[in-house]
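Undergrad: Below is start.tsv; it holds TSV, N, CA and C atoms.
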```tsv
chain	number	residue	atom	x	y	z
A	1	MET	N	-105.46	88.18	31.53
A	1	MET	CA	-106.31	88.25	32.68
A	1	MET	C	-106.44	89.71	33.11
A	2	ALA	N	-107.66	90.16	33.28
A	2	ALA	CA	-107.92	91.55	33.67
A	2	ALA	C	-107.75	91.69	35.18
A	3	SER	N	-107.17	92.80	35.58
A	3	SER	CA	-106.98	93.05	37.00
A	3	SER	C	-107.99	94.11	37.46
A	4	PHE	N	-108.38	93.97	38.70
A	4	PHE	CA	-109.33	94.89	39.29
A	4	PHE	C	-108.58	96.05	39.92
A	5	LYS	N	-109.02	97.28	39.63
A	5	LYS	CA	-108.40	98.46	40.22
A	5	LYS	C	-109.45	99.21	41.04
A	6	PHE	N	-109.05	99.58	42.24
A	6	PHE	CA	-109.94	100.35	43.09
A	6	PHE	C	-110.04	101.77	42.54
A	7	PRO	N	-111.21	102.38	42.66
A	7	PRO	CA	-111.33	103.76	42.21
A	7	PRO	C	-110.47	104.67	43.09
A	8	LYS	N	-109.96	105.71	42.47
A	8	LYS	CA	-109.11	106.66	43.19
A	8	LYS	C	-109.97	107.48	44.15
A	9	LEU	N	-109.53	107.60	45.39
A	9	LEU	CA	-110.27	108.33	46.40
A	9	LEU	C	-109.93	109.81	46.33
A	10	SER	N	-110.94	110.63	46.54
A	10	SER	CA	-110.71	112.07	46.58
A	10	SER	C	-110.08	112.43	47.93
A	11	PRO	N	-109.49	113.61	48.04
A	11	PRO	CA	-108.90	114.02	49.32
A	11	PRO	C	-109.92	114.02	50.46
A	12	VAL	N	-111.16	114.35	50.15
A	12	VAL	CA	-112.20	114.37	51.19
A	12	VAL	C	-112.45	112.96	51.70
A	13	GLN	N	-112.46	111.99	50.82
A	13	GLN	CA	-112.71	110.61	51.23
A	13	GLN	C	-111.53	110.02	51.99
A	14	ARG	N	-110.34	110.52	51.75
A	14	ARG	CA	-109.17	110.01	52.45
A	14	ARG	C	-108.98	110.63	53.82
A	15	ASP	N	-109.58	111.77	54.07
A	15	ASP	CA	-109.43	112.46	55.36
A	15	ASP	C	-110.51	111.97	56.32
A	16	PRO	N	-110.12	111.28	57.38
A	16	PRO	CA	-111.14	110.74	58.30
A	16	PRO	C	-111.85	111.81	59.12
A	17	TYR	N	-111.25	112.97	59.28
A	17	TYR	CA	-111.83	114.01	60.13
A	17	TYR	C	-112.72	115.00	59.37
A	18	PHE	N	-112.61	115.03	58.05
A	18	PHE	CA	-113.36	116.03	57.29
A	18	PHE	C	-114.85	115.87	57.48
A	19	GLY	N	-115.35	114.67	57.46
A	19	GLY	CA	-116.79	114.44	57.63
A	19	GLY	C	-117.29	114.90	58.98
A	20	ILE	N	-116.51	114.63	60.02
A	20	ILE	CA	-116.89	115.05	61.37
A	20	ILE	C	-116.92	116.57	61.48
A	21	VAL	N	-115.88	117.22	60.94
A	21	VAL	CA	-115.80	118.67	60.97
A	21	VAL	C	-116.95	119.28	60.18
A	22	PHE	N	-117.24	118.72	59.02
A	22	PHE	CA	-118.32	119.24	58.20
A	22	PHE	C	-119.66	119.12	58.91
A	23	ILE	N	-119.91	118.00	59.56
A	23	ILE	CA	-121.18	117.79	60.27
A	23	ILE	C	-121.31	118.77	61.43
A	24	ILE	N	-120.26	118.95	62.21
A	24	ILE	CA	-120.30	119.88	63.34
A	24	ILE	C	-120.55	121.31	62.84
A	25	TRP	N	-119.81	121.69	61.78
A	25	TRP	CA	-119.97	123.03	61.22
A	25	TRP	C	-121.39	123.23	60.70
A	26	PHE	N	-121.90	122.27	59.96
A	26	PHE	CA	-123.22	122.39	59.36
A	26	PHE	C	-124.31	122.43	60.42
A	27	LEU	N	-124.20	121.60	61.45
A	27	LEU	CA	-125.20	121.59	62.52
A	27	LEU	C	-125.22	122.92	63.29
A	28	THR	N	-124.04	123.44	63.62
A	28	THR	CA	-124.01	124.72	64.34
A	28	THR	C	-124.52	125.85	63.44
A	29	LEU	N	-124.27	125.76	62.16
A	29	LEU	CA	-124.78	126.76	61.22
A	29	LEU	C	-126.31	126.72	61.16
A	30	ILE	N	-126.86	125.54	61.04
A	30	ILE	CA	-128.32	125.40	60.99
A	30	ILE	C	-128.95	125.83	62.31
A	31	ILE	N	-128.36	125.44	63.43
A	31	ILE	CA	-128.88	125.85	64.74
A	31	ILE	C	-128.83	127.36	64.89
A	32	SER	N	-127.76	127.99	64.41
A	32	SER	CA	-127.65	129.45	64.48
A	32	SER	C	-128.78	130.13	63.71
A	33	PHE	N	-129.03	129.67	62.49
A	33	PHE	CA	-130.12	130.24	61.70
A	33	PHE	C	-131.47	130.02	62.37
A	34	ILE	N	-131.69	128.83	62.92
A	34	ILE	CA	-132.95	128.53	63.56
A	34	ILE	C	-133.16	129.41	64.80
A	35	VAL	N	-132.11	129.58	65.61
A	35	VAL	CA	-132.22	130.41	66.82
A	35	VAL	C	-132.55	131.85	66.45
A	36	VAL	N	-131.87	132.39	65.44
A	36	VAL	CA	-132.14	133.77	65.04
A	36	VAL	C	-133.56	133.90	64.50
A	37	LEU	N	-133.98	132.96	63.68
A	37	LEU	CA	-135.35	133.02	63.14
A	37	LEU	C	-136.40	132.86	64.24
A	38	TYR	N	-136.14	131.98	65.19
A	38	TYR	CA	-137.11	131.71	66.25
A	38	TYR	C	-137.32	132.93	67.15
A	39	PHE	N	-136.23	133.60	67.50
A	39	PHE	CA	-136.32	134.71	68.46
A	39	PHE	C	-136.45	136.07	67.78
A	40	LYS	N	-136.44	136.12	66.47
A	40	LYS	CA	-136.46	137.41	65.77
A	40	LYS	C	-137.65	138.26	66.13
A	41	ASN	N	-138.83	137.68	66.22
A	41	ASN	CA	-140.03	138.46	66.53
A	41	ASN	C	-140.10	138.89	67.99
A	42	ASN	N	-139.38	138.21	68.88
A	42	ASN	CA	-139.40	138.57	70.30
A	42	ASN	C	-138.34	139.59	70.68
A	43	LEU	N	-137.45	139.93	69.76
A	43	LEU	CA	-136.37	140.85	70.05
A	43	LEU	C	-136.82	142.29	69.86
A	44	PRO	N	-136.20	143.23	70.60
A	44	PRO	CA	-136.50	144.64	70.36
A	44	PRO	C	-135.91	145.07	69.00
A	45	GLY	N	-136.19	146.27	68.59
A	45	GLY	CA	-135.74	146.76	67.28
A	45	GLY	C	-134.24	146.80	67.11
A	46	THR	N	-133.52	147.04	68.21
A	46	THR	CA	-132.05	147.07	68.14
A	46	THR	C	-131.48	146.11	69.17
A	47	VAL	N	-130.36	145.50	68.81
A	47	VAL	CA	-129.68	144.54	69.69
A	47	VAL	C	-128.21	144.93	69.78
A	48	PRO	N	-127.53	144.58	70.88
A	48	PRO	CA	-126.10	144.89	71.01
A	48	PRO	C	-125.26	143.93	70.17
A	49	LEU	N	-124.86	144.38	68.99
A	49	LEU	CA	-124.13	143.53	68.07
A	49	LEU	C	-122.65	143.87	67.99
A	50	PHE	N	-122.31	145.14	68.09
A	50	PHE	CA	-120.93	145.58	67.90
A	50	PHE	C	-120.25	145.78	69.26
A	51	TYR	N	-119.67	144.71	69.78
A	51	TYR	CA	-119.06	144.76	71.11
A	51	TYR	C	-117.74	145.52	71.15
A	52	SER	N	-117.12	145.76	70.02
A	52	SER	CA	-115.84	146.47	70.03
A	52	SER	C	-116.02	147.98	70.14
A	53	ARG	N	-117.22	148.45	70.02
A	53	ARG	CA	-117.47	149.88	70.12
A	53	ARG	C	-117.71	150.30	71.56
A	54	VAL	N	-117.70	151.61	71.78
A	54	VAL	CA	-117.89	152.18	73.11
A	54	VAL	C	-119.30	151.86	73.59
A	55	TRP	N	-119.45	151.72	74.90
A	55	TRP	CA	-120.74	151.38	75.49
A	55	TRP	C	-121.78	152.45	75.15
A	56	GLY	N	-122.94	152.03	74.77
A	56	GLY	CA	-124.03	152.95	74.46
A	56	GLY	C	-124.68	152.59	73.14
A	57	GLU	N	-125.23	153.61	72.51
A	57	GLU	CA	-125.98	153.38	71.27
A	57	GLU	C	-125.10	152.93	70.12
A	58	GLU	N	-123.80	153.17	70.19
A	58	GLU	CA	-122.91	152.75	69.11
A	58	GLU	C	-122.83	151.23	68.99
A	59	ARG	N	-123.11	150.53	70.06
A	59	ARG	CA	-123.08	149.06	70.04
A	59	ARG	C	-124.34	148.46	69.41
A	60	LEU	N	-125.38	149.23	69.33
A	60	LEU	CA	-126.66	148.70	68.90
A	60	LEU	C	-126.75	148.64	67.38
A	61	ALA	N	-127.45	147.61	66.91
A	61	ALA	CA	-127.71	147.45	65.49
A	61	ALA	C	-129.12	146.90	65.31
A	62	ASP	N	-129.63	147.02	64.12
A	62	ASP	CA	-130.95	146.48	63.83
A	62	ASP	C	-130.94	144.97	64.06
A	63	LYS	N	-132.06	144.46	64.54
A	63	LYS	CA	-132.12	143.03	64.85
A	63	LYS	C	-131.95	142.15	63.62
A	64	ASN	N	-132.24	142.67	62.44
A	64	ASN	CA	-132.05	141.89	61.21
A	64	ASN	C	-130.57	141.65	60.90
A	65	LEU	N	-129.70	142.46	61.48
A	65	LEU	CA	-128.27	142.26	61.26
A	65	LEU	C	-127.72	141.07	62.03
A	66	LEU	N	-128.53	140.46	62.88
A	66	LEU	CA	-128.09	139.22	63.55
A	66	LEU	C	-127.82	138.11	62.54
A	67	PHE	N	-128.44	138.22	61.37
A	67	PHE	CA	-128.19	137.22	60.32
A	67	PHE	C	-126.77	137.31	59.76
A	68	MET	N	-126.07	138.42	60.06
A	68	MET	CA	-124.67	138.53	59.62
A	68	MET	C	-123.81	137.45	60.25
A	69	LEU	N	-124.09	137.09	61.49
A	69	LEU	CA	-123.27	136.11	62.18
A	69	LEU	C	-123.34	134.72	61.54
A	70	PRO	N	-124.52	134.15	61.32
A	70	PRO	CA	-124.53	132.85	60.64
A	70	PRO	C	-124.07	132.93	59.19
A	71	LEU	N	-124.35	134.04	58.51
A	71	LEU	CA	-123.88	134.16	57.13
A	71	LEU	C	-122.35	134.24	57.07
A	72	GLY	N	-121.77	134.96	58.01
A	72	GLY	CA	-120.30	134.98	58.08
A	72	GLY	C	-119.74	133.61	58.38
A	73	ASN	N	-120.41	132.88	59.26
A	73	ASN	CA	-120.01	131.51	59.56
A	73	ASN	C	-120.10	130.63	58.32
A	74	LEU	N	-121.14	130.82	57.53
A	74	LEU	CA	-121.30	130.05	56.30
A	74	LEU	C	-120.14	130.29	55.35
A	75	PHE	N	-119.82	131.56	55.09
A	75	PHE	CA	-118.76	131.87	54.14
A	75	PHE	C	-117.39	131.45	54.66
A	76	LEU	N	-117.12	131.67	55.94
A	76	LEU	CA	-115.84	131.24	56.49
A	76	LEU	C	-115.70	129.72	56.51
A	77	GLY	N	-116.78	129.02	56.78
A	77	GLY	CA	-116.75	127.56	56.75
A	77	GLY	C	-116.48	127.03	55.36
A	78	ILE	N	-117.15	127.60	54.36
A	78	ILE	CA	-116.90	127.18	52.98
A	78	ILE	C	-115.45	127.46	52.60
A	79	PHE	N	-114.97	128.62	52.96
A	79	PHE	CA	-113.59	129.01	52.65
A	79	PHE	C	-112.59	128.07	53.33
A	80	ASN	N	-112.74	127.88	54.64
A	80	ASN	CA	-111.79	127.05	55.38
A	80	ASN	C	-111.85	125.59	54.96
A	81	LEU	N	-113.03	125.05	54.82
A	81	LEU	CA	-113.13	123.65	54.43
A	81	LEU	C	-112.70	123.43	52.99
A	82	GLY	N	-112.96	124.40	52.13
A	82	GLY	CA	-112.47	124.31	50.75
A	82	GLY	C	-110.96	124.29	50.68
A	83	PHE	N	-110.33	125.17	51.45
A	83	PHE	CA	-108.87	125.17	51.46
A	83	PHE	C	-108.31	123.93	52.15
A	84	SER	N	-109.00	123.42	53.14
A	84	SER	CA	-108.49	122.22	53.80
A	84	SER	C	-108.51	121.03	52.85
A	85	VAL	N	-109.49	120.99	51.96
A	85	VAL	CA	-109.52	119.92	50.95
A	85	VAL	C	-108.39	120.10	49.95
A	86	SER	N	-108.15	121.34	49.53
A	86	SER	CA	-107.11	121.56	48.52
A	86	SER	C	-105.70	121.38	49.09
A	87	PHE	N	-105.51	121.60	50.39
A	87	PHE	CA	-104.19	121.45	51.00
A	87	PHE	C	-103.95	120.07	51.59
A	88	PHE	N	-104.93	119.19	51.52
A	88	PHE	CA	-104.84	117.91	52.23
A	88	PHE	C	-103.64	117.08	51.80
A	89	GLN	N	-103.35	117.02	50.54
A	89	GLN	CA	-102.27	116.16	50.06
A	89	GLN	C	-100.89	116.69	50.44
A	90	LYS	N	-100.75	118.01	50.50
A	90	LYS	CA	-99.42	118.59	50.72
A	90	LYS	C	-99.17	119.02	52.16
A	91	GLU	N	-100.15	119.61	52.79
A	91	GLU	CA	-99.98	120.21	54.12
A	91	GLU	C	-101.05	119.69	55.07
A	92	ILE	N	-100.83	118.55	55.67
A	92	ILE	CA	-101.83	117.98	56.57
A	92	ILE	C	-101.99	118.82	57.84
A	93	PHE	N	-100.90	119.43	58.30
A	93	PHE	CA	-100.98	120.27	59.50
A	93	PHE	C	-101.85	121.49	59.25
A	94	LEU	N	-101.69	122.14	58.11
A	94	LEU	CA	-102.51	123.29	57.75
A	94	LEU	C	-103.97	122.88	57.59
A	95	THR	N	-104.18	121.69	57.06
A	95	THR	CA	-105.55	121.17	56.92
A	95	THR	C	-106.21	121.04	58.28
A	96	ARG	N	-105.50	120.49	59.25
A	96	ARG	CA	-106.07	120.32	60.59
A	96	ARG	C	-106.32	121.68	61.26
A	97	ILE	N	-105.43	122.63	61.07
A	97	ILE	CA	-105.63	123.96	61.64
A	97	ILE	C	-106.88	124.61	61.07
A	98	LEU	N	-107.07	124.50	59.75
A	98	LEU	CA	-108.27	125.07	59.13
A	98	LEU	C	-109.53	124.38	59.62
A	99	GLN	N	-109.47	123.08	59.81
A	99	GLN	CA	-110.64	122.35	60.29
A	99	GLN	C	-110.97	122.72	61.74
A	100	ILE	N	-109.97	122.82	62.57
A	100	ILE	CA	-110.20	123.21	63.97
A	100	ILE	C	-110.72	124.65	64.04
A	101	ALA	N	-110.16	125.53	63.21
A	101	ALA	CA	-110.63	126.92	63.19
A	101	ALA	C	-112.09	126.99	62.76
A	102	THR	N	-112.48	126.15	61.83
A	102	THR	CA	-113.87	126.13	61.38
A	102	THR	C	-114.80	125.73	62.51
A	103	ILE	N	-114.44	124.71	63.25
A	103	ILE	CA	-115.27	124.27	64.38
A	103	ILE	C	-115.33	125.36	65.45
A	104	LEU	N	-114.18	125.93	65.80
A	104	LEU	CA	-114.16	126.96	66.83
A	104	LEU	C	-114.99	128.18	66.43
A	105	LEU	N	-114.84	128.63	65.19
A	105	LEU	CA	-115.60	129.79	64.76
A	105	LEU	C	-117.10	129.52	64.73
A	106	SER	N	-117.49	128.34	64.33
A	106	SER	CA	-118.92	128.05	64.28
A	106	SER	C	-119.51	127.94	65.68
A	107	VAL	N	-118.80	127.33	66.61
A	107	VAL	CA	-119.29	127.23	67.99
A	107	VAL	C	-119.33	128.62	68.63
A	108	LEU	N	-118.31	129.42	68.41
A	108	LEU	CA	-118.29	130.77	68.98
A	108	LEU	C	-119.38	131.66	68.38
A	109	THR	N	-119.68	131.47	67.11
A	109	THR	CA	-120.76	132.22	66.49
A	109	THR	C	-122.10	131.85	67.13
A	110	LEU	N	-122.33	130.57	67.32
A	110	LEU	CA	-123.58	130.14	67.96
A	110	LEU	C	-123.68	130.67	69.39
A	111	LEU	N	-122.58	130.61	70.13
A	111	LEU	CA	-122.59	131.14	71.50
A	111	LEU	C	-122.81	132.64	71.53
A	112	SER	N	-122.26	133.36	70.57
A	112	SER	CA	-122.47	134.81	70.50
A	112	SER	C	-123.93	135.15	70.23
A	113	ILE	N	-124.54	134.41	69.33
A	113	ILE	CA	-125.96	134.64	69.04
A	113	ILE	C	-126.80	134.38	70.28
A	114	ILE	N	-126.53	133.29	70.95
A	114	ILE	CA	-127.28	132.96	72.16
A	114	ILE	C	-127.06	134.02	73.24
A	115	ASN	N	-125.83	134.50	73.39
A	115	ASN	CA	-125.53	135.54	74.37
A	115	ASN	C	-126.26	136.84	74.05
A	116	ILE	N	-126.28	137.25	72.81
A	116	ILE	CA	-126.98	138.49	72.43
A	116	ILE	C	-128.47	138.36	72.70
A	117	ILE	N	-129.03	137.21	72.37
A	117	ILE	CA	-130.47	137.02	72.59
A	117	ILE	C	-130.78	136.98	74.09
A	118	ASN	N	-129.91	136.38	74.88
A	118	ASN	CA	-130.13	136.34	76.33
A	118	ASN	C	-130.02	137.73	76.95
A	119	LEU	N	-129.19	138.59	76.40
A	119	LEU	CA	-129.04	139.94	76.93
A	119	LEU	C	-130.29	140.79	76.75
A	120	VAL	N	-130.98	140.60	75.64
A	120	VAL	CA	-132.09	141.49	75.34
A	120	VAL	C	-133.45	140.89	75.65
A	121	THR	N	-133.52	139.61	75.99
A	121	THR	CA	-134.83	139.04	76.30
A	121	THR	C	-134.97	138.83	77.79
```
Show this structure as structure tokens.
TA:
Amino acid sequence: MASFKFPKLSPVQRDPYFGIVFIIWFLTLIISFIVVLYFKNNLPGTVPLFYSRVWGEERLADKNLLFMLPLGNLFLGIFNLGFSVSFFQKEIFLTRILQIATILLSVLTLLSIINIINLVT
């Protein structure tokens, strides 16, 4: 008599929070790109992007460099979520930290973009 075996689940399918984290990260990433594209033509030539520098012209950057923020979010999200999948079986705590960091970074990136656009418009 043949027995039925369930297919083996991947770490992503076994983690109940991965899908939620991925959706939040992806939505904030898409919203960030849309906001930058929408307001790009209404922005002046330079925007205050480098907040760690001294007040004045050193803080200003070309408005096209606003795309650095969502692109950085994209790469950090891929990195963090990729590692959270690879660490899921051994280090569940590290997996959750990476997932929370991904959400926080993506939300903070979106808020930074909105803040920069509000400052110059």
Undergrad: Work out how far apart CA of Phe26 (chain A) and CA of Leu105 (chain A) are and give it in Å to one decimal.
TA: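 The value is 11.9 Å.
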Undergrad: With all atoms listed in the file as the basis for distance, which of A:Pro70, A:Gly82, A:Gly77, A:Pro16 is at the shortest distance from Phe33 (chain A)?
TA: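 Closest to Phe33 (chain A), using all atoms listed in the file: A:Pro70.
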Undergrad: Which one is closest to Val47 (chain A): A:Arg96, A:Lys90, A:Arg14, A:Arg59? Count all atoms listed in the file.
TA: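 Among A:Arg96, A:Lys90, A:Arg14, A:Arg59, it is A:Arg59 that comes nearest to Val47 (chain A).
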Undergrad: What's the separation between atom C of Leu76 (chain A) and atom C of Arg53 (chain A), in Å to one decimal place?
TA: 25.6 Å
Undergrad: Do you have the atom C of Asn42 (chain A)-atom N of Ile78 (chain A) distance handy?
TA: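 Between atom C of Asn42 (chain A) and atom N of Ile78 (chain A) the gap is 29.3 Å.
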Undergrad: Could you pull out the helix (DSSP H, G or I) residues of chain A from DSSP and send them as a ChimeraX atom specification?
TA: /A:11-14,18-42,57-59,63-86,92-120
Undergrad: Using DSSP on the backbone coordinates, identify the residues of region 16-89 of chain A assigned to strand (DSSP E); present them as a PyMOL selection string.
TA: chain A and resi 46-48+60-62
Undergrad: Here is a test: counting only N, CA and C atoms, which residue of A:Ile92, A:Leu110, A:Leu104, A:Met68 is nearest to Leu29 (chain A)?
TA: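 Closest to Leu29 (chain A) of all the choices is A:Leu110.
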Undergrad: I'd like the neighbourhood of region 64-67 of chain A as a PyMOL selection string, where a residue qualifies if any of its atoms comes within 7 Å (using all atoms listed in the file), though same-chain residues fewer than 5 positions away should be ignored.
TA: chain A and resi 36+45+72
